[in-house]
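Have a look at final.csv below; it lists CSV, C-alpha atoms.
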```csv
chain,number,residue,atom,x,y,z
A,1,MET,CA,0.0,0.0,0.0
A,2,THR,CA,2.9,2.3,0.7
A,3,THR,CA,4.2,2.0,-2.8
A,4,ALA,CA,0.8,2.8,-4.3
A,5,LEU,CA,0.3,5.9,-2.0
A,6,ALA,CA,3.9,7.1,-2.9
A,7,MET,CA,3.0,6.9,-6.6
A,8,VAL,CA,-0.2,8.9,-6.1
A,9,ALA,CA,1.7,11.5,-4.0
A,10,ALA,CA,4.4,11.8,-6.7
A,11,VAL,CA,1.9,12.3,-9.5
A,12,LEU,CA,0.1,14.9,-7.4
A,13,LEU,CA,3.4,16.7,-6.7
A,14,ASP,CA,4.2,16.7,-10.4
A,15,ALA,CA,0.8,18.2,-11.2
A,16,TRP,CA,1.2,20.8,-8.6
A,17,LEU,CA,4.9,21.8,-9.0
A,18,GLY,CA,5.8,20.6,-12.5
A,19,GLU,CA,9.5,20.3,-13.4
A,20,PRO,CA,11.9,22.0,-11.0
A,21,ARG,CA,13.0,25.3,-12.6
A,22,ARG,CA,16.2,26.2,-10.8
A,23,PHE,CA,17.8,22.9,-10.1
A,24,HIS,CA,17.0,19.5,-11.4
A,25,PRO,CA,19.0,16.4,-10.3
A,26,LEU,CA,19.0,15.1,-13.9
A,27,VAL,CA,20.8,18.3,-15.0
A,28,ALA,CA,23.6,17.5,-12.4
A,29,PHE,CA,23.6,13.9,-13.6
A,30,GLY,CA,24.0,15.0,-17.2
A,31,ARG,CA,27.1,17.1,-16.2
A,32,LEU,CA,28.5,14.1,-14.3
A,33,ALA,CA,28.0,11.9,-17.4
A,34,SER,CA,29.7,14.4,-19.6
A,35,PHE,CA,32.6,14.6,-17.2
A,36,VAL,CA,33.0,10.8,-17.1
A,37,GLU,CA,32.7,10.7,-20.9
A,38,SER,CA,35.5,13.2,-21.3
A,39,ARG,CA,37.8,11.0,-19.1
A,40,LEU,CA,36.8,7.5,-20.2
A,41,TYR,CA,35.8,7.9,-23.8
A,42,ARG,CA,37.3,5.4,-26.2
A,43,ASP,CA,35.8,4.2,-29.4
A,44,ARG,CA,35.1,0.8,-27.9
A,45,ARG,CA,32.0,-1.0,-26.4
A,46,SER,CA,34.0,-1.8,-23.3
A,47,SER,CA,34.6,1.9,-22.6
A,48,GLY,CA,30.9,2.6,-23.0
A,49,ILE,CA,30.0,-0.2,-20.6
A,50,ALA,CA,32.6,1.0,-18.0
A,51,SER,CA,31.4,4.6,-18.3
A,52,TRP,CA,27.7,3.6,-18.0
A,53,CYS,CA,28.5,1.6,-14.8
A,54,ALA,CA,30.7,4.4,-13.4
A,55,VAL,CA,27.9,6.9,-13.8
A,56,VAL,CA,24.8,4.9,-13.0
A,57,LEU,CA,25.6,2.3,-10.3
A,58,PRO,CA,27.0,4.7,-7.6
A,59,VAL,CA,23.9,6.9,-7.9
A,60,VAL,CA,21.5,4.0,-7.7
A,61,PHE,CA,23.4,2.5,-4.7
A,62,ALA,CA,23.3,5.9,-3.0
A,63,ALA,CA,19.6,6.2,-3.6
A,64,TRP,CA,19.0,2.8,-2.1
A,65,ALA,CA,21.3,3.3,0.9
A,66,PHE,CA,19.8,6.6,1.8
A,67,GLY,CA,16.3,5.1,1.6
A,68,ALA,CA,17.3,2.2,3.7
A,69,TRP,CA,18.7,4.5,6.4
A,70,LEU,CA,15.6,6.7,6.4
A,71,MET,CA,13.3,3.6,6.7
A,72,HIS,CA,15.3,2.6,9.8
A,73,VAL,CA,15.3,6.1,11.3
A,74,ALA,CA,11.7,7.2,10.5
A,75,PRO,CA,9.3,5.3,8.2
A,76,TRP,CA,7.3,8.5,7.5
A,77,LEU,CA,10.5,10.2,6.2
A,78,TRP,CA,11.1,7.1,4.0
A,79,PHE,CA,7.6,7.6,2.5
A,80,VAL,CA,8.3,11.2,1.8
A,81,TYR,CA,11.6,10.3,0.2
A,82,GLN,CA,10.0,7.8,-2.1
A,83,ALA,CA,7.3,10.3,-3.2
A,84,VAL,CA,9.8,13.1,-3.8
A,85,VAL,CA,12.3,10.9,-5.8
A,86,LEU,CA,9.5,9.5,-8.0
A,87,TYR,CA,8.2,13.1,-8.5
A,88,LEU,CA,11.7,14.1,-9.7
A,89,VAL,CA,12.0,11.3,-12.2
A,90,ILE,CA,8.6,11.5,-13.9
A,91,GLY,CA,7.6,14.2,-16.3
A,92,LEU,CA,3.8,14.1,-16.8
A,93,ARG,CA,3.1,17.8,-16.4
A,94,SER,CA,6.2,18.5,-18.5
A,95,LEU,CA,4.6,16.8,-21.4
A,96,SER,CA,1.8,19.2,-21.3
A,97,ASP,CA,4.0,22.2,-20.7
A,98,HIS,CA,5.9,21.4,-23.9
A,99,ALA,CA,3.1,20.1,-26.1
A,100,MET,CA,0.3,22.6,-25.4
A,101,PRO,CA,2.2,25.6,-26.9
A,102,VAL,CA,2.4,23.7,-30.1
A,103,ALA,CA,-1.4,23.0,-30.1
A,104,ARG,CA,-2.2,26.6,-29.2
A,105,ALA,CA,0.0,27.9,-32.0
A,106,LEU,CA,-1.6,25.6,-34.5
A,107,GLU,CA,-5.1,26.6,-33.4
A,108,ALA,CA,-4.1,30.2,-33.9
A,109,GLY,CA,-2.7,29.6,-37.3
A,110,ASP,CA,0.8,30.5,-36.1
A,111,ILE,CA,2.9,28.0,-38.1
A,112,LEU,CA,6.2,29.7,-37.2
A,113,GLY,CA,5.4,29.6,-33.5
A,114,ALA,CA,4.3,26.0,-33.8
A,115,ARG,CA,7.5,25.0,-35.5
A,116,THR,CA,9.5,26.8,-32.8
A,117,ALA,CA,7.6,25.1,-30.0
A,118,VAL,CA,7.8,21.6,-31.5
A,119,GLY,CA,11.5,22.1,-32.0
A,120,ARG,CA,11.8,22.0,-28.2
A,121,MET,CA,10.2,18.5,-28.2
A,122,VAL,CA,11.8,16.7,-31.1
A,123,SER,CA,15.3,16.2,-32.7
A,124,ARG,CA,14.1,16.5,-36.3
A,125,ASP,CA,14.4,19.7,-38.4
A,126,THR,CA,11.3,21.7,-38.0
A,127,VAL,CA,11.8,24.8,-40.3
A,128,SER,CA,10.2,23.1,-43.3
A,129,LEU,CA,7.3,21.3,-41.6
A,130,ASP,CA,3.7,22.1,-42.5
A,131,ASP,CA,0.9,22.2,-39.9
A,132,VAL,CA,0.1,18.5,-40.3
A,133,GLN,CA,3.7,17.5,-39.9
A,134,VAL,CA,4.2,19.7,-36.9
A,135,ALA,CA,1.1,18.2,-35.2
A,136,ALA,CA,2.2,14.7,-36.0
A,137,ALA,CA,5.7,15.4,-34.6
A,138,ALA,CA,4.2,16.7,-31.3
A,139,THR,CA,1.7,13.8,-31.1
A,140,GLU,CA,4.4,11.2,-31.6
A,141,SER,CA,6.6,12.9,-29.0
A,142,VAL,CA,3.7,12.9,-26.4
A,143,LEU,CA,3.0,9.2,-27.0
A,144,GLU,CA,6.6,8.1,-26.9
A,145,ASN,CA,7.5,10.2,-23.9
A,146,GLY,CA,4.4,8.9,-22.1
A,147,ASN,CA,6.4,5.8,-21.8
A,148,ASP,CA,9.9,7.3,-21.5
A,149,ALA,CA,9.1,10.1,-19.0
A,150,VAL,CA,6.2,8.6,-17.1
A,151,PHE,CA,5.1,5.0,-17.4
A,152,GLY,CA,8.6,3.5,-17.4
A,153,ALA,CA,9.5,5.2,-14.2
A,154,LEU,CA,6.2,4.2,-12.6
A,155,PHE,CA,6.7,0.6,-13.6
A,156,TRP,CA,10.2,0.3,-12.2
A,157,PHE,CA,9.2,2.1,-9.0
A,158,ALA,CA,6.4,-0.4,-8.6
A,159,VAL,CA,8.9,-3.3,-9.1
A,160,LEU,CA,12.0,-2.1,-7.3
A,161,GLY,CA,11.1,1.1,-5.5
A,162,VAL,CA,13.3,4.1,-5.5
A,163,PRO,CA,16.4,2.3,-6.9
A,164,GLY,CA,14.3,1.0,-9.8
A,165,ALA,CA,12.9,4.4,-10.7
A,166,VAL,CA,16.3,6.0,-10.4
A,167,LEU,CA,18.0,3.3,-12.5
A,168,TYR,CA,15.4,3.6,-15.2
A,169,ARG,CA,15.6,7.4,-15.4
A,170,LEU,CA,19.4,7.5,-15.5
A,171,ALA,CA,19.5,4.8,-18.1
A,172,ASN,CA,17.0,6.7,-20.2
A,173,THR,CA,19.0,9.9,-19.8
A,174,LEU,CA,22.2,8.2,-20.9
A,175,ASP,CA,20.5,6.8,-23.9
A,176,ALA,CA,19.5,10.3,-24.9
A,177,MET,CA,23.1,11.4,-24.5
A,178,TRP,CA,25.1,8.5,-25.8
A,179,GLY,CA,22.7,6.2,-27.6
A,180,TYR,CA,23.3,7.5,-31.2
A,181,ARG,CA,24.3,5.5,-34.2
A,182,ASN,CA,27.0,7.9,-35.5
A,183,ALA,CA,30.8,7.9,-35.7
A,184,ARG,CA,31.3,8.9,-32.1
A,185,TYR,CA,28.7,6.8,-30.3
A,186,GLU,CA,28.3,3.7,-32.5
A,187,ARG,CA,30.4,1.7,-30.2
A,188,PHE,CA,30.8,3.8,-27.1
A,189,GLY,CA,27.0,4.4,-26.8
A,190,TRP,CA,26.1,0.8,-27.6
A,191,ALA,CA,25.7,-0.1,-23.9
A,192,ALA,CA,23.6,3.0,-23.1
A,193,ALA,CA,21.2,2.1,-26.0
A,194,ARG,CA,21.0,-1.6,-25.0
A,195,PHE,CA,20.4,-1.0,-21.3
A,196,ASP,CA,17.6,1.4,-22.2
A,197,ASP,CA,16.1,-1.1,-24.6
A,198,VAL,CA,16.1,-3.8,-21.9
A,199,LEU,CA,14.6,-1.6,-19.2
A,200,ASN,CA,11.9,-0.3,-21.5
A,201,PHE,CA,10.8,-3.7,-22.9
A,202,LEU,CA,8.0,-4.4,-20.4
A,203,PRO,CA,7.0,-0.8,-19.7
A,204,ALA,CA,6.7,0.0,-23.4
A,205,ARG,CA,4.3,-2.9,-24.0
A,206,LEU,CA,2.2,-2.1,-20.9
A,207,THR,CA,2.1,1.5,-22.1
A,208,ALA,CA,0.9,0.3,-25.6
A,209,LEU,CA,-1.7,-1.9,-23.9
A,210,SER,CA,-2.9,1.0,-21.8
A,211,TYR,CA,-3.3,3.2,-24.9
A,212,GLY,CA,-5.3,0.5,-26.5
A,213,LEU,CA,-7.6,-0.2,-23.6
A,214,LEU,CA,-8.3,3.6,-23.3
A,215,GLY,CA,-8.8,4.3,-27.0
A,216,ASP,CA,-9.9,2.4,-30.1
A,217,ALA,CA,-8.7,-1.0,-28.9
A,218,ALA,CA,-9.2,-2.9,-32.2
A,219,ARG,CA,-7.4,-0.3,-34.2
A,220,ALA,CA,-4.6,0.0,-31.6
A,221,TRP,CA,-4.0,-3.7,-31.6
A,222,ARG,CA,-4.0,-3.9,-35.4
A,223,CYS,CA,-1.5,-1.0,-35.8
A,224,TRP,CA,0.7,-2.5,-33.0
A,225,ARG,CA,0.7,-5.9,-34.6
A,226,VAL,CA,1.3,-4.7,-38.2
A,227,GLN,CA,3.3,-1.4,-37.9
A,228,ALA,CA,5.4,-1.8,-34.8
A,229,PRO,CA,7.7,-4.5,-36.3
A,230,GLN,CA,8.6,-2.0,-39.1
A,231,TRP,CA,9.9,0.6,-36.7
A,232,ASP,CA,13.7,0.7,-35.9
A,233,SER,CA,13.1,1.0,-32.1
A,234,PRO,CA,11.8,-2.2,-30.5
A,235,ASN,CA,10.0,-0.1,-27.8
A,236,ALA,CA,9.0,3.1,-29.5
A,237,GLY,CA,7.3,1.1,-32.3
A,238,PRO,CA,4.7,-0.6,-30.1
A,239,VAL,CA,4.1,2.6,-28.0
A,240,MET,CA,3.6,4.9,-31.0
A,241,ALA,CA,1.8,2.5,-33.2
A,242,ALA,CA,-0.7,1.5,-30.5
A,243,GLY,CA,-1.1,5.1,-29.4
A,244,ALA,CA,-1.7,6.3,-33.0
A,245,GLY,CA,-4.2,3.5,-33.5
A,246,ALA,CA,-6.0,4.3,-30.3
A,247,LEU,CA,-6.4,7.9,-31.3
A,248,GLY,CA,-7.4,7.1,-34.9
A,249,VAL,CA,-4.7,9.4,-36.3
A,250,CYS,CA,-2.0,9.0,-39.0
A,251,LEU,CA,1.5,9.5,-37.8
A,252,GLY,CA,5.0,8.4,-38.9
A,253,GLY,CA,6.1,8.9,-42.5
A,254,ALA,CA,9.2,10.8,-43.8
A,255,ALA,CA,10.8,13.3,-41.5
A,256,PRO,CA,13.8,15.7,-42.0
A,257,TYR,CA,17.0,15.2,-40.0
A,258,ASP,CA,20.1,17.2,-40.7
A,259,GLY,CA,18.6,18.6,-43.9
A,260,VAL,CA,17.7,15.2,-45.3
A,261,TRP,CA,14.2,13.7,-45.4
A,262,GLU,CA,14.5,10.2,-44.1
A,263,PRO,CA,11.8,7.6,-44.8
A,264,ARG,CA,10.0,6.2,-41.8
A,265,PRO,CA,7.1,3.7,-41.6
A,266,ALA,CA,3.6,4.9,-41.3
A,267,LEU,CA,2.0,4.8,-37.8
A,268,GLY,CA,-1.7,4.6,-37.0
A,269,GLU,CA,-4.6,5.1,-39.4
A,270,GLY,CA,-7.5,7.5,-39.7
A,271,ASP,CA,-7.4,11.3,-39.8
A,272,PRO,CA,-4.3,13.5,-40.4
A,273,ALA,CA,-2.8,15.0,-37.2
A,274,ASP,CA,-3.9,18.4,-36.0
A,275,ALA,CA,-3.9,20.4,-32.8
A,276,ARG,CA,-6.7,18.3,-31.4
A,277,SER,CA,-4.5,15.2,-31.9
A,278,ILE,CA,-1.9,16.6,-29.5
A,279,VAL,CA,-4.5,17.4,-26.9
A,280,ARG,CA,-6.1,13.9,-27.2
A,281,ALA,CA,-2.6,12.3,-26.9
A,282,LEU,CA,-2.0,14.2,-23.7
A,283,GLN,CA,-5.4,13.1,-22.4
A,284,LEU,CA,-4.6,9.5,-23.3
A,285,VAL,CA,-1.4,9.6,-21.3
A,286,ARG,CA,-3.2,11.1,-18.3
A,287,ARG,CA,-6.0,8.5,-18.4
A,288,GLY,CA,-3.3,5.8,-18.6
A,289,VAL,CA,-1.6,7.2,-15.5
A,290,MET,CA,-5.0,7.2,-13.7
A,291,LEU,CA,-5.5,3.6,-14.7
A,292,TRP,CA,-2.1,2.5,-13.4
A,293,LEU,CA,-2.6,4.3,-10.1
A,294,ALA,CA,-6.0,2.8,-9.7
A,295,VAL,CA,-4.6,-0.7,-10.3
A,296,MET,CA,-1.8,-0.1,-7.8
A,297,VAL,CA,-4.2,1.2,-5.2
A,298,VAL,CA,-6.5,-1.8,-5.6
A,299,LEU,CA,-3.5,-4.2,-5.4
A,300,GLY,CA,-2.3,-2.4,-2.3
A,301,ILE,CA,-5.6,-2.7,-0.6
A,302,VAL,CA,-5.8,-6.4,-1.5
A,303,ARG,CA,-2.3,-7.1,-0.1
A,304,TRP,CA,-3.0,-5.1,3.0
A,305,GLY,CA,-6.3,-6.9,3.6
A,306,ALA,CA,-4.6,-10.3,3.1
A,307,SER,CA,-1.8,-9.4,5.5
A,308,HIS,CA,-4.4,-8.4,8.2
A,309,ALA,CA,-6.8,-11.3,7.7
```

Show me, as structure tokens, the structure contained in the file I just sent.
Amino acid sequence: MTTALAMVAAVLLDAWLGEPRRFHPLVAFGRLASFVESRLYRDRRSSGIASWCAVVLPVVFAAWAFGAWLMHVAPWLWFVYQAVVLYLVIGLRSLSDHAMPVARALEAGDILGARTAVGRMVSRDTVSLDDVQVAAAATESVLENGNDAVFGALFWFAVLGVPGAVLYRLANTLDAMWGYRNARYERFGWAAARFDDVLNFLPARLTALSYGLLGDAARAWRCWRVQAPQWDSPNAGPVMAAGAGALGVCLGGAAPYDGVWEPRPALGEGDPADARSIVRALQLVRRGVMLWLAVMVVLGIVRWGASHA
């Protein structure tokens, strides 16, 4: 029951406070990762594995040790610690803070403002995107980050507590920093990409399942089954295909990166993306969070009742 209540408290803190403005622990972690990279970088997989372990494992151990000490000293402080740490590693409100400016700009017919806003969400070039492509990019980002920034952390917190949530978020951060297939990171970043793939395997499929249950289930399943295997990422594919199907919107397709339009498989089916698609994607993620919290609370009550029977 404590785990479920900590999850509820963390989501409420996120809704109330949003992302920390002045100091975010992940910013400090990013600086640490850059420092380690500058010292340990070699164009070898072994160097990437050593760097990943040097950055992630001490932080995860410290998070576990401090929590264990708090639980021994004062259980209520341990509960607060759990809620605060989980709040710091999820980004539900941040999704809305980034996506809604895109939707509002599109609704106002401000394509330049929409391109600027979506450029803060995605890595593709945005200067040449039309309104449909801008809306599709933002909708894809909301659906994918529903897993990466929210559901993945909730899943690993439910399984392993604070250490699990911290491990997941740090691995996800390093994948964003090192997990590229380019000359510098093809080998060094291999470990970061693989660890992220492994940690996301179950959460991504539960996220896709949640999207389907809360939207057009038949279409979500069809898109997941047919389209996800065509996607390069083993985890983003199911999440975005099921999400697009659940919303009944067309996503995917060619996108510009570094001045070149790269082909990508289609995602979803139905209407072209628009401002409403972005809003509906945010609502789908929020409903998924409510579903997960409700399931956790019910499981907590059942376990509490069984232990007191």

Which is closest to Arg286 in chain A among A:Leu17, A:Leu77, A:Val122, A:Val150, if we use only C-alpha atoms? A:Val150

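Between CA of Ile90 in chain A and CA of Gly48 in chain A there is a distance of 25.7 Å.
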
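When all atoms listed in the file are used to measure the gap to Val102 in chain A, the shortest distance among A:Tyr168, A:Ala228, A:Ala275, A:Trp304 belongs to A:Ala275.
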
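Note that the spacing between CA of Ala65 in chain A and CA of Thr2 in chain A amounts to 18.4 Å.
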
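CA of Arg115 in chain A lies 7.1 Å from CA of Leu129 in chain A.
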
Could you tell me which of A:Leu206, A:Val36, A:Leu26, A:Ala191 comes closest to Gly91 in chain A if we count all atoms listed in the file? A:Leu26

Can you pull out the residues contacting range 130-136 of chain A? Cut-off 7 Å, using all atoms listed in the file, and skip same-chain residues under 6 positions away; I want them as a ChimeraX atom specification. /A:106,111,115,118,251,272-275,278

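When only C-alpha atoms are used to measure the gap to Glu262 in chain A, the shortest distance among A:Val279, A:Asp125, A:Leu167, A:Arg31 belongs to A:Asp125.
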
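When all atoms listed in the file are used to compute distances to Tyr257 in chain A, the closest of the residues A:Gly109, A:Pro101, A:Gly119, A:Gly189 turns out to be A:Gly119.
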
Show which residues sit within 12 Å of Arg42 in chain A, as a PyMOL selection string. Count only C-alpha atoms, and ignore same-chain residues fewer than 6 positions away. chain A and resi 36+48-51+183-189

Write the residues of the preceding selection, restricted to C-alpha atoms, as a compact mmCIF listing (two decimals), in the frame of the given file.
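Once everything was written out, this is selection26.txt:
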```
# COMPACT_ATOMS: atom_id res chain seq x y z
CA VAL A 36 33.00 10.80 -17.10
CA GLY A 48 30.90 2.60 -23.00
CA ILE A 49 30.00 -0.20 -20.60
CA ALA A 50 32.60 1.00 -18.00
CA SER A 51 31.40 4.60 -18.30
CA ALA A 183 30.80 7.90 -35.70
CA ARG A 184 31.30 8.90 -32.10
CA TYR A 185 28.70 6.80 -30.30
CA GLU A 186 28.30 3.70 -32.50
CA ARG A 187 30.40 1.70 -30.20
CA PHE A 188 30.80 3.80 -27.10
CA GLY A 189 27.00 4.40 -26.80
```

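With all atoms listed in the file as the atoms that count, the residue of A:Phe157, A:Val249, A:Leu86, A:Val285 with the shortest distance to Leu214 in chain A is A:Val285.
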
Around the point (7.1, 14.2, -5.2) in the file's coordinates, collect all residues with an atom within 8 Å, using only C-alpha atoms, and return them as a ChimeraX atom specification. /A:9-14,80,82-88
